[in-house]
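K.L.:
Just dropping this structure here.
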Amino acid sequence: MKHLLSTADLAKDEAIELLDTAAQMAATQSREIKKLPTLRGRTVVNLFFEDSTRTRISFETAAKRLSADVINFSAKGSSVSKGESLKDTALTLHAMGADAVVVRHWASGAPYQLAHAGWLDAAVLNAGDGTHMHPTQALLDAYTIRRHLGGHGGGLRRGGDDGVGADLVGVKVAIVGDVLHSRVARANVWLLRTLGAEVTLVAPPTLLPIGVEAWPCRTSYDLDATLADWQPDAVMMLRVQRERMSGGAGAFFPSPLEYTRYFGLDARRLAVLPAHSIVMHPGPMNRGLEISAEAADSDRAVIVEQVANGVAVRMAALYLLLSGSTTPATEGTAL
Amino acid sequence: MTTTYVLRGPRPLGGEPADVVLADGVITQIAAPGTADVPDGSDVVEVAADGYVLLPGLVDLHTHLREPGREDAETVASGTRAAAAGGFTAVHAMANTSPVADTAGVVEQVWRLGQEAGWVDVHPVGAVTVGLGGERLAELGAMADSAAHVRVFSDDGKCVHDPILMRRALEYVKAFDGVVAQHAQEPRLTEGAQMNEGVVSAEIGLAGWPAVAEEAIIARDVLLAEHVGSRLHVCHLSTAGSVEIVRWAKGRGIDVTAEVTPHHLILTDELARTYDPTFKVNPPLRTAADVEAVREGLADGTIDIVATDHAPHTREDKDCEWGAAAFGMTGLETALSVVQSTMVDTGRLTWSDVARVLSANPARIGRIDGTQGRPVAVGEPANLTLVDPAATRTVDGRAQATASGNTPFAGRELPGRVVATFLRGRATVLDGAPVQAPTGSTAVGGGVR
């Protein structure tokens, strides 16, 4: 694996290897000293063309726990209207000897361009591009689902092996909300499918893309019916951005209240779910809009755990991209 | 004294071989091969043209020459040189320059630059609305009456979307036999749009430009044109639905003409998966079904012409994120090859049809058919293109005459090669290479210094 750009081109064995490596990384994170020497002397650049403190901190933590040198490069704004072009930025990073570039960009495809345009030879790790992909988010989601549900043909996991080696065959995942603008949804649909899970996207028709019928999943406009009849093992709530409600005639739904009424996850809907089911959210949440406080704070919610798993998954991704080996030196001495 | 050219053995419009003699700006003889009566004098050039096809000089109804304003992307001189290299003898220069070609002054400037360059006849297109703003009519009459004799009006790049303004424009240009060439794009349905809306856009996460945004405007406009009894030209239609609407309108007797670009005849939205902004264009590349529909429409006459929408852009406007890149691709030097590849070599058009869709029809729509788009016949102006249909070439953006390298066909092998282009009897291209004109020698109505 040279780059991590999209979950659509991850093979099943690659995906499972990433999750298994993440499990090994996670195991090191319960030690008193969390730092591994694995990427000592390697340089990881966090290149963020879009604000995302959460994702940047997660990647920064992951890289530092692997002893990499981390450079944060914030390059907000359009490459054309303001400042330096993507190409010049890439050439600069190349000249500085970056080994991996973690890129968050407002433009769909920008990581793909960085990886393929010949501007730099570093490993490119997509940390979210436009409305296209967010592979590490999907991996941490799959990791979280597997820990709780994987490898047992659906239903609650028992035992403490964290699902290592397992796929997600038989697991049913409902992804609810603004699919149209969501890189998280796209990344999850392809990864979960590759791992054998079934996915239903639930959204008002305005927030499902034209062309969604070609995706490897089902779609529904009815959250209540999906929860009651399909009985998903995991429900993933997507963030609804405030700007989707404004814009007058161009708004995607009539009001926040109506959205919550039909697509919000609350205590009543939570009660319809199977007892073993888990509630997920990529964050940051709009409490009271797509998810109620009762749902977010319930013992079904694994939202905080997702954040912790994000560090382990990103450690795994950086490790596999930069070391090229499949056996992490997790026994090494901390620096 | 001008050079006399004796073309030995080409096939006029792909028909039987003949010798064709060009002298004093006109076709003076068409004779059986080997029998042309070669005039005396030293200034006679024989051109071996065995197996070549002789077409009337191509006419582009839709060219962006970028001057004034974006001379870093193209100038009238470089763009018209590219046009000649592509076999064209006339181009219509779109109005979205800076300043916009919305006054008699600007269109006369472009017209004069075209004359000075001397590669092809340059016919400026006038903007429909002031500054392409879509709010009030530009002085269409003044542009029509100017030295540039503007007959085609377009806000191309922008749609004349206000229905009452479009109605007024359609009505107003009747006074001087003008035509409104509409860039059909409903603006509200395409805010932020990056590519065709469909399976590919959904997957790769680029904002969609739906077919209905084009089709709804075309449907409205043909009905407006019917209502006010005016003629309408539809720029670069790109969807199967648009073809159906135009077919319906023509069946109803509405005076509408339509164009398709070479790239919409061959490329699809699958190319967006590369995120290479070379393939970012407006209207966007559509699906394979749409490509088939526009080929069918061109073959059955629903679509009247092929026009390039040659849209040169600087490297910095393309060497960036897809979302930040400019829309457009160059086309003058590849248009004929693409038409040969998609329509002639597939048996859907004859060379005579090619002359119709790339010369006679665009000349008629632009009302320059007194001098351009003429039959290949004795006494006609010697505006001609000599094509070697058996040649193949691999497109190299940097080797083209256009000042910009944003060709979507780079590295692709295409059939056909323009061997020579004649503008009023003077070779602007010979042996496949542009021939620099003596300044001002090909001014409209001239030909002799």
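Just so we're on the same page: first chain in the structure tokens is A, next is B, and so on; residues restart at 1 for each chain, and ligands are numbered from 1 in the order they show up.
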Within 6 Å of chain B, which residues of chain A show up? Give each one with its shortest atom-to-atom distance in Å (one decimal) and the two atoms involved, counting only C-alpha atoms, rows by chain then rising residue number, as JSON lines.

P.N.:
```
{"residue": "A:Ala107", "atom": "CA", "partner": "B:Gly323", "partner_atom": "CA", "distance": 5.6}
{"residue": "A:Gly109", "atom": "CA", "partner": "B:Tyr275", "partner_atom": "CA", "distance": 5.7}
{"residue": "A:Ala110", "atom": "CA", "partner": "B:Glu321", "partner_atom": "CA", "distance": 5.7}
{"residue": "A:Thr131", "atom": "CA", "partner": "B:Gly205", "partner_atom": "CA", "distance": 4.7}
{"residue": "A:His132", "atom": "CA", "partner": "B:Gly205", "partner_atom": "CA", "distance": 4.1}
{"residue": "A:Pro209", "atom": "CA", "partner": "B:Ala202", "partner_atom": "CA", "distance": 5.6}
{"residue": "A:Ile210", "atom": "CA", "partner": "B:Gly198", "partner_atom": "CA", "distance": 5.6}
{"residue": "A:Gly211", "atom": "CA", "partner": "B:Val199", "partner_atom": "CA", "distance": 3.9}
```

K.L.:
With C-alpha atoms kept, could you save the residues just selected as a PDB file, in the first residue's frame?

P.N.:
```pdb
ATOM      1  CA  ALA A 107     -11.655  19.857  -2.851  1.00  0.00           C
ATOM      2  CA  GLY A 109      -9.786  14.542  -5.318  1.00  0.00           C
ATOM      3  CA  ALA A 110      -6.976  16.760  -4.020  1.00  0.00           C
ATOM      4  CA  THR A 131     -17.494  15.358  -0.264  1.00  0.00           C
ATOM      5  CA  HIS A 132     -15.509  12.381  -1.461  1.00  0.00           C
ATOM      6  CA  PRO A 209     -27.104  11.874  -4.243  1.00  0.00           C
ATOM      7  CA  ILE A 210     -28.505  11.269  -7.700  1.00  0.00           C
ATOM      8  CA  GLY A 211     -26.669   8.121  -8.720  1.00  0.00           C
TER       9      GLY A 211
END
```

K.L.:
Name the residues in contact with Ala11 of chain A at a cut-off of 10 Å, using only C-alpha atoms, excluding same-chain residues fewer than 3 positions from it; report them as an MDAnalysis selection string.

P.N.:
chainID A and resid 7:8 14:17 191 194:195

K.L.:
Could those residues be written to a file, using N, CA and C atoms, as a PDB file, in the first residue's frame?

P.N.:
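out37.pdb, written as the output of this step:
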```
ATOM      1  N   THR A   7     -11.478   4.259   0.368  1.00  0.00           N
ATOM      2  CA  THR A   7     -11.813   2.906   0.811  1.00  0.00           C
ATOM      3  C   THR A   7     -12.331   2.056  -0.350  1.00  0.00           C
ATOM      4  N   ALA A   8     -12.654   2.712  -1.453  1.00  0.00           N
ATOM      5  CA  ALA A   8     -13.197   1.956  -2.589  1.00  0.00           C
ATOM      6  C   ALA A   8     -12.132   1.077  -3.233  1.00  0.00           C
ATOM      7  N   GLU A  14      -6.418  -6.180   2.806  1.00  0.00           N
ATOM      8  CA  GLU A  14      -5.754  -4.935   3.234  1.00  0.00           C
ATOM      9  C   GLU A  14      -6.531  -4.273   4.369  1.00  0.00           C
ATOM     10  N   ALA A  15      -7.853  -4.256   4.216  1.00  0.00           N
ATOM     11  CA  ALA A  15      -8.690  -3.617   5.235  1.00  0.00           C
ATOM     12  C   ALA A  15      -8.557  -4.354   6.563  1.00  0.00           C
ATOM     13  N   ILE A  16      -8.588  -5.685   6.504  1.00  0.00           N
ATOM     14  CA  ILE A  16      -8.483  -6.458   7.748  1.00  0.00           C
ATOM     15  C   ILE A  16      -7.095  -6.300   8.367  1.00  0.00           C
ATOM     16  N   GLU A  17      -6.090  -6.218   7.508  1.00  0.00           N
ATOM     17  CA  GLU A  17      -4.741  -5.991   8.030  1.00  0.00           C
ATOM     18  C   GLU A  17      -4.649  -4.645   8.765  1.00  0.00           C
ATOM     19  N   LEU A 191     -16.166   0.600   2.441  1.00  0.00           N
ATOM     20  CA  LEU A 191     -15.378  -0.233   3.349  1.00  0.00           C
ATOM     21  C   LEU A 191     -16.247  -1.315   4.003  1.00  0.00           C
ATOM     22  N   THR A 194     -16.950  -3.992   1.603  1.00  0.00           N
ATOM     23  CA  THR A 194     -15.772  -4.842   1.391  1.00  0.00           C
ATOM     24  C   THR A 194     -15.604  -5.841   2.539  1.00  0.00           C
ATOM     25  N   LEU A 195     -15.955  -5.391   3.748  1.00  0.00           N
ATOM     26  CA  LEU A 195     -15.799  -6.257   4.917  1.00  0.00           C
ATOM     27  C   LEU A 195     -16.991  -7.191   5.096  1.00  0.00           C
TER      28      LEU A 195
END
```

K.L.:
Excluding segment 264-276 of chain A and residues on its chain fewer than 6 positions from it, collect all residues at most 12 Å away from it, counting only C-alpha atoms, and give them as a VMD selection string.

P.N.:
chain A and resid 145 148 to 150 154 to 158 171 to 178 202 to 204 222 to 240 256 to 258 285 to 301

K.L.:
I need the residues in segment 194-330 of chain A that are strand (DSSP E) according to DSSP; give them as a list in words.

P.N.:
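Matching residues, listed in order: Glu198, Val199, Thr200, Leu201, Val202, Arg218, Thr219, Ser220, Ala234, Val235, Met236, Met237, Ile278, Val279 and Met280 of chain A.
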
K.L.:
From the DSSP assignment of the backbone, select every residue of segment 121-291 of chain A that is helix (DSSP H, G or I), and format the answer as a VMD selection string.

P.N.:
chain A and resid 135 to 149 183 to 194 205 to 207 212 to 214 223 to 230 242 to 244 248 to 250 256 to 263 267 to 272

K.L.:
Just the number, please: distance in Å from atom CA of Leu414 of chain B to atom CA of Leu358 of chain B, one decimal.

P.N.:
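According to the coordinates, atom CA of Leu414 of chain B and atom CA of Leu358 of chain B are separated by 17.8 Å.
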
K.L.:
So, with only C-alpha atoms as the atoms that count, which of B:Ala48, B:Leu285, B:Ala23, B:Ala144 lies closest to Ala420 of chain B?

P.N.:
B:Ala48

K.L.:
Quick check, in Å to one decimal: how far apart do atom CA of Arg218 of chain A and atom CA of Val169 of chain A lie?

P.N.:
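Computing the Euclidean distance for atom CA of Arg218 of chain A and atom CA of Val169 of chain A yields 15.9 Å.
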
K.L.:
With distances taken over only C-alpha atoms, which of A:Ala214, A:Leu192, A:Ala95, A:Ala100 is nearest to Val45 of chain A?

P.N.:
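So, comparing all the options, the nearest one is A:Ala100.
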
K.L.:
Using only C-alpha atoms, which residues sit within 7 Å of segment 330-347 of chain B once same-chain residues fewer than 3 positions away are excluded, as a list in words?

P.N.:
Ala82, Ala83, Ala85, Gly86, Pro262, Leu265, Ile266, Thr308, Asp309, His310, Ala311, Pro312, Thr350, Asn406, Thr407, Leu414, Pro415 and Gly416 of chain B

K.L.:
Restricted to N, CA and C atoms, what would the selected residues look like written as a PDB file, in the first residue's frame?

P.N.:
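Output file selection_0.pdb is given in full below:
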```pdb
ATOM      1  N   ALA B  82      -3.980  28.518 -34.627  1.00  0.00           N
ATOM      2  CA  ALA B  82      -4.438  27.165 -34.282  1.00  0.00           C
ATOM      3  C   ALA B  82      -5.642  26.781 -35.142  1.00  0.00           C
ATOM      4  N   ALA B  83      -6.511  27.758 -35.384  1.00  0.00           N
ATOM      5  CA  ALA B  83      -7.685  27.484 -36.209  1.00  0.00           C
ATOM      6  C   ALA B  83      -7.273  27.059 -37.608  1.00  0.00           C
ATOM      7  N   ALA B  85      -4.449  25.786 -38.501  1.00  0.00           N
ATOM      8  CA  ALA B  85      -3.818  24.469 -38.403  1.00  0.00           C
ATOM      9  C   ALA B  85      -4.855  23.359 -38.336  1.00  0.00           C
ATOM     10  N   GLY B  86      -6.006  23.683 -37.761  1.00  0.00           N
ATOM     11  CA  GLY B  86      -7.077  22.708 -37.665  1.00  0.00           C
ATOM     12  C   GLY B  86      -7.963  22.648 -38.892  1.00  0.00           C
ATOM     13  N   PRO B 262     -16.792  18.658 -30.361  1.00  0.00           N
ATOM     14  CA  PRO B 262     -16.089  17.388 -30.587  1.00  0.00           C
ATOM     15  C   PRO B 262     -15.954  16.571 -29.307  1.00  0.00           C
ATOM     16  N   LEU B 265     -18.747  14.460 -28.365  1.00  0.00           N
ATOM     17  CA  LEU B 265     -18.955  13.330 -29.269  1.00  0.00           C
ATOM     18  C   LEU B 265     -18.121  12.112 -28.880  1.00  0.00           C
ATOM     19  N   ILE B 266     -17.208  12.283 -27.955  1.00  0.00           N
ATOM     20  CA  ILE B 266     -16.258  11.174 -27.734  1.00  0.00           C
ATOM     21  C   ILE B 266     -15.925  10.910 -26.263  1.00  0.00           C
ATOM     22  N   THR B 308     -16.297  24.021 -31.887  1.00  0.00           N
ATOM     23  CA  THR B 308     -15.239  23.513 -31.004  1.00  0.00           C
ATOM     24  C   THR B 308     -15.411  23.887 -29.539  1.00  0.00           C
ATOM     25  N   ASP B 309     -15.976  25.075 -29.260  1.00  0.00           N
ATOM     26  CA  ASP B 309     -15.895  25.628 -27.900  1.00  0.00           C
ATOM     27  C   ASP B 309     -14.443  25.607 -27.418  1.00  0.00           C
ATOM     28  N   HIS B 310     -13.550  25.863 -28.359  1.00  0.00           N
ATOM     29  CA  HIS B 310     -12.106  25.971 -28.034  1.00  0.00           C
ATOM     30  C   HIS B 310     -11.941  26.948 -26.879  1.00  0.00           C
ATOM     31  N   ALA B 311     -11.469  26.431 -25.741  1.00  0.00           N
ATOM     32  CA  ALA B 311     -11.387  27.246 -24.527  1.00  0.00           C
ATOM     33  C   ALA B 311     -10.006  27.125 -23.902  1.00  0.00           C
ATOM     34  N   PRO B 312      -9.051  27.887 -24.420  1.00  0.00           N
ATOM     35  CA  PRO B 312      -7.695  27.795 -23.880  1.00  0.00           C
ATOM     36  C   PRO B 312      -7.614  28.366 -22.469  1.00  0.00           C
ATOM     37  N   THR B 350     -20.846  11.131 -44.188  1.00  0.00           N
ATOM     38  CA  THR B 350     -19.920  11.152 -45.317  1.00  0.00           C
ATOM     39  C   THR B 350     -19.073  12.422 -45.216  1.00  0.00           C
ATOM     40  N   ASN B 406      -4.253  22.810 -22.763  1.00  0.00           N
ATOM     41  CA  ASN B 406      -5.300  22.018 -22.114  1.00  0.00           C
ATOM     42  C   ASN B 406      -6.150  21.229 -23.112  1.00  0.00           C
ATOM     43  N   THR B 407      -5.462  20.373 -23.873  1.00  0.00           N
ATOM     44  CA  THR B 407      -6.198  19.470 -24.742  1.00  0.00           C
ATOM     45  C   THR B 407      -6.530  18.186 -23.989  1.00  0.00           C
ATOM     46  N   LEU B 414      -5.248   9.945 -32.945  1.00  0.00           N
ATOM     47  CA  LEU B 414      -6.454  10.335 -33.675  1.00  0.00           C
ATOM     48  C   LEU B 414      -6.194  10.198 -35.173  1.00  0.00           C
ATOM     49  N   PRO B 415      -7.243   9.882 -35.930  1.00  0.00           N
ATOM     50  CA  PRO B 415      -7.087   9.762 -37.374  1.00  0.00           C
ATOM     51  C   PRO B 415      -7.179  11.127 -38.057  1.00  0.00           C
ATOM     52  N   GLY B 416      -6.555  11.222 -39.231  1.00  0.00           N
ATOM     53  CA  GLY B 416      -6.719  12.405 -40.076  1.00  0.00           C
ATOM     54  C   GLY B 416      -5.737  13.503 -39.738  1.00  0.00           C
TER      55      GLY B 416
END
```

K.L.:
Between A:Met25, A:Ala317, A:Leu18, A:Met1, which has the minimum distance to Gly165 of chain A (counting only C-alpha atoms)?

P.N.:
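For Gly165 of chain A, the nearest of the given residues is A:Leu18.
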
K.L.:
Give me the residues near Leu58 of chain B as an MDAnalysis selection string, where near means some atom within 9 Å (using only C-alpha atoms) and where sequence neighbours in that chain fewer than 4 positions away do not count.

P.N.:
chainID B and resid 83:84 86:91 336 355 358:360 362:363 372:373 383:385

K.L.:
Of the candidates B:Val376, B:Val38, B:Val107, B:Ala193, which one gets nearest to Gly15 of chain B if we count only C-alpha atoms?

P.N.:
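The closest residue to Gly15 of chain B is B:Val376.
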